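These notes concern the structure reproduced below.
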Amino acid sequence: PRPILLTRHGESRYNVRGRIGGDSRLSDTGEVYAKKLANFVEKRLKNERAASIQWRALDEINSGVCDGMTYEEIKKNMPEEYEYVVILIALSRNKDKLRYRYPRGESYLDVIQRLEPVIIELERQRAPVVVISHQAVLRALYAYFADRPLHEIPHIEMPLHTIIEIQMGVTGVQEKRYKLMD
Ligand code: F6P
């Protein structure tokens with residue numbers, strides 16, 4: 001059996017400030033994780049050919065008009081005339097996080113759909129794969145391999161600085177976790 005390693009990118013500056021979306025740079029801690037991750041992968045997968053590709057399908061859930069905001073701002077700080085929109089967003093998302101689509105953005109269901117080609121490729125690959133991506137995307141990928149039901153996906157815990165290793169063997173799926181930092 002060959003492993004699939006799933007991990008979020010190292011902590012970003014936006015993560016530190018609780019801002020969603022954006023494409024912010026890594027924090028100092030995030031940079032440390034990036035190096036530790038590289039070392040880990042090198043040791044774990046030594047002798048393996050390592051092609052690296054970037055894939056738009058692995059981008060984080062598009063939070064549309066909320067991109068770059070904090071969860072607090074989504075609730076509070078929007079201009080008054082938008083306040084009801086913002087409250088509506090927070091409420092609707094709470095009510096049905098799986099189906100809720102951000103205005104001009106995506107829902108978890110949208111993300112799951114765009115991940116289909118990624119899953120096909122991951123299934124097809126014979127070599128080990130390391131997937132470095134974002135919280136919502138990894139929830140969806142993890143749920144697929146760990147056979148977790150759809151409705152749980154938006155709520156799966158996906159901690160930073162942790163590698164989830166999945167092995168698909170004849171007897172089913174096995175999982176190991178490596179927490180590289182406290
Ligand atoms: O906060 C980090 C992040 O990756 C955001 O960019 C993204 O909007 C969010 O997590 C997804 O998690 P949730 O659906 O729980 O808000």
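Letters A, B, ... mark the chains of the structure tokens in the order given; residue numbers begin at 1 per chain; ligand numbers begin at 1, in order shown.
The binding environment of ligand 1, defined as every protein, DNA or RNA residue with an atom no more than 7 Å away and counting only C-alpha atoms and all ligand atoms, comprises Asn15, Gly18, Arg19, Ile20, Gly21, Gly22, Glu60, Ile61, Ser63, His134, Gln135, Ala136, Pro154 and His155 of chain A.
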For the selection you just gave me, I'd like the residues written to a file as a tab-separated table (two decimals), in the first residue's frame, keeping C-alpha atoms.
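Produced file again-v8.tsv, reproduced below:
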```tsv
chain	number	residue	atom	x	y	z
A	15	ASN	CA	-4.60	32.55	10.34
A	18	GLY	CA	-8.40	35.07	12.31
A	19	ARG	CA	-8.94	36.30	8.76
A	20	ILE	CA	-10.46	33.92	6.24
A	21	GLY	CA	-9.45	33.42	2.63
A	22	GLY	CA	-6.84	35.73	1.16
A	60	GLU	CA	-9.37	27.14	-0.23
A	61	ILE	CA	-13.16	27.52	-0.27
A	63	SER	CA	-15.51	33.04	0.61
A	134	HIS	CA	-6.34	24.32	3.07
A	135	GLN	CA	-8.78	23.57	5.85
A	136	ALA	CA	-12.06	23.16	3.90
A	154	PRO	CA	-17.66	21.10	7.30
A	155	HIS	CA	-17.13	20.21	10.96
```
For the contact check between segment 90-128 of chain A and segment 165-175 of chain A, emit one row per residue of segment 90-128 of chain A within 12 Å, containing the shortest atom pair and the distance in Å rounded to one decimal, counting only C-alpha atoms, chain then rising number order, as a Markdown table.
```
| residue | atom | partner | partner_atom | distance |
| --- | --- | --- | --- | --- |
| A:Leu122 | CA | A:Met168 | CA | 11.2 |
| A:Glu123 | CA | A:Met168 | CA | 9.7 |
| A:Gln125 | CA | A:Met168 | CA | 11.9 |
| A:Arg126 | CA | A:Met168 | CA | 11.1 |
| A:Ala127 | CA | A:Gln167 | CA | 11.8 |
| A:Pro128 | CA | A:Gln167 | CA | 9.5 |
```
Problem set entry | Given only C-alpha atoms as the counted atoms, nearest of A:Leu37, A:Leu6, A:Leu160, A:Ile153 to Leu58 of chain A | A:Leu6
Exercise. As a ChimeraX atom specification, which residues of chain A does DSSP assign to alpha helix (DSSP H)?
Worked result: /A:13-17,28-44,71-75,83-95,108-114,116-124,135-146
For this session: Going by DSSP on the backbone, which bits of chain A are strand (DSSP E or B)? Write them as a VMD selection string, please.
Result: chain A and resid 3 to 8 12 19 26 70 129 to 133 162 to 169 172 to 179
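For the residues A:Asn94, A:Leu180, A:Arg56, A:Ile4, ranking by smallest atom-to-atom distance to Ala146 of chain A using only C-alpha atoms places A:Ile4 first.
Picture a line from atom CA of Lys176 of chain A to atom CA of Glu11 of chain A; it runs 21.2 Å.
Each of A:Lys46, A:Arg114, A:Arg148, A:His9 was checked against Val32 of chain A using only C-alpha atoms; the smallest atom-to-atom distance is that of A:His9.
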Problem set entry | Spatial neighbours of segment 85-93 of chain A, max dist 12 Å, only C-alpha atoms, sep filter under 5 positions, as an MDAnalysis selection string | chainID A and resid 63:66 69:80 98:103 105:108 154:155
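With only C-alpha atoms as the atoms that count, the residue of A:Ala51, A:Ala34, A:Leu138, A:Val130 with the shortest distance to Val111 of chain A is A:Leu138.
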Exercise. In Å, with one decimal, what is the gap from atom CA of Ser12 of chain A to atom CA of Ser27 of chain A?
Worked result: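 Here the two named atoms are 5.0 Å from each other.
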Exercise. In Å, with one decimal, what is the gap from atom CA of Asp59 of chain A to atom CA of Asp28 of chain A?
Worked result: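 Interatomic distance, atom CA of Asp59 of chain A to atom CA of Asp28 of chain A: 21.8 Å.
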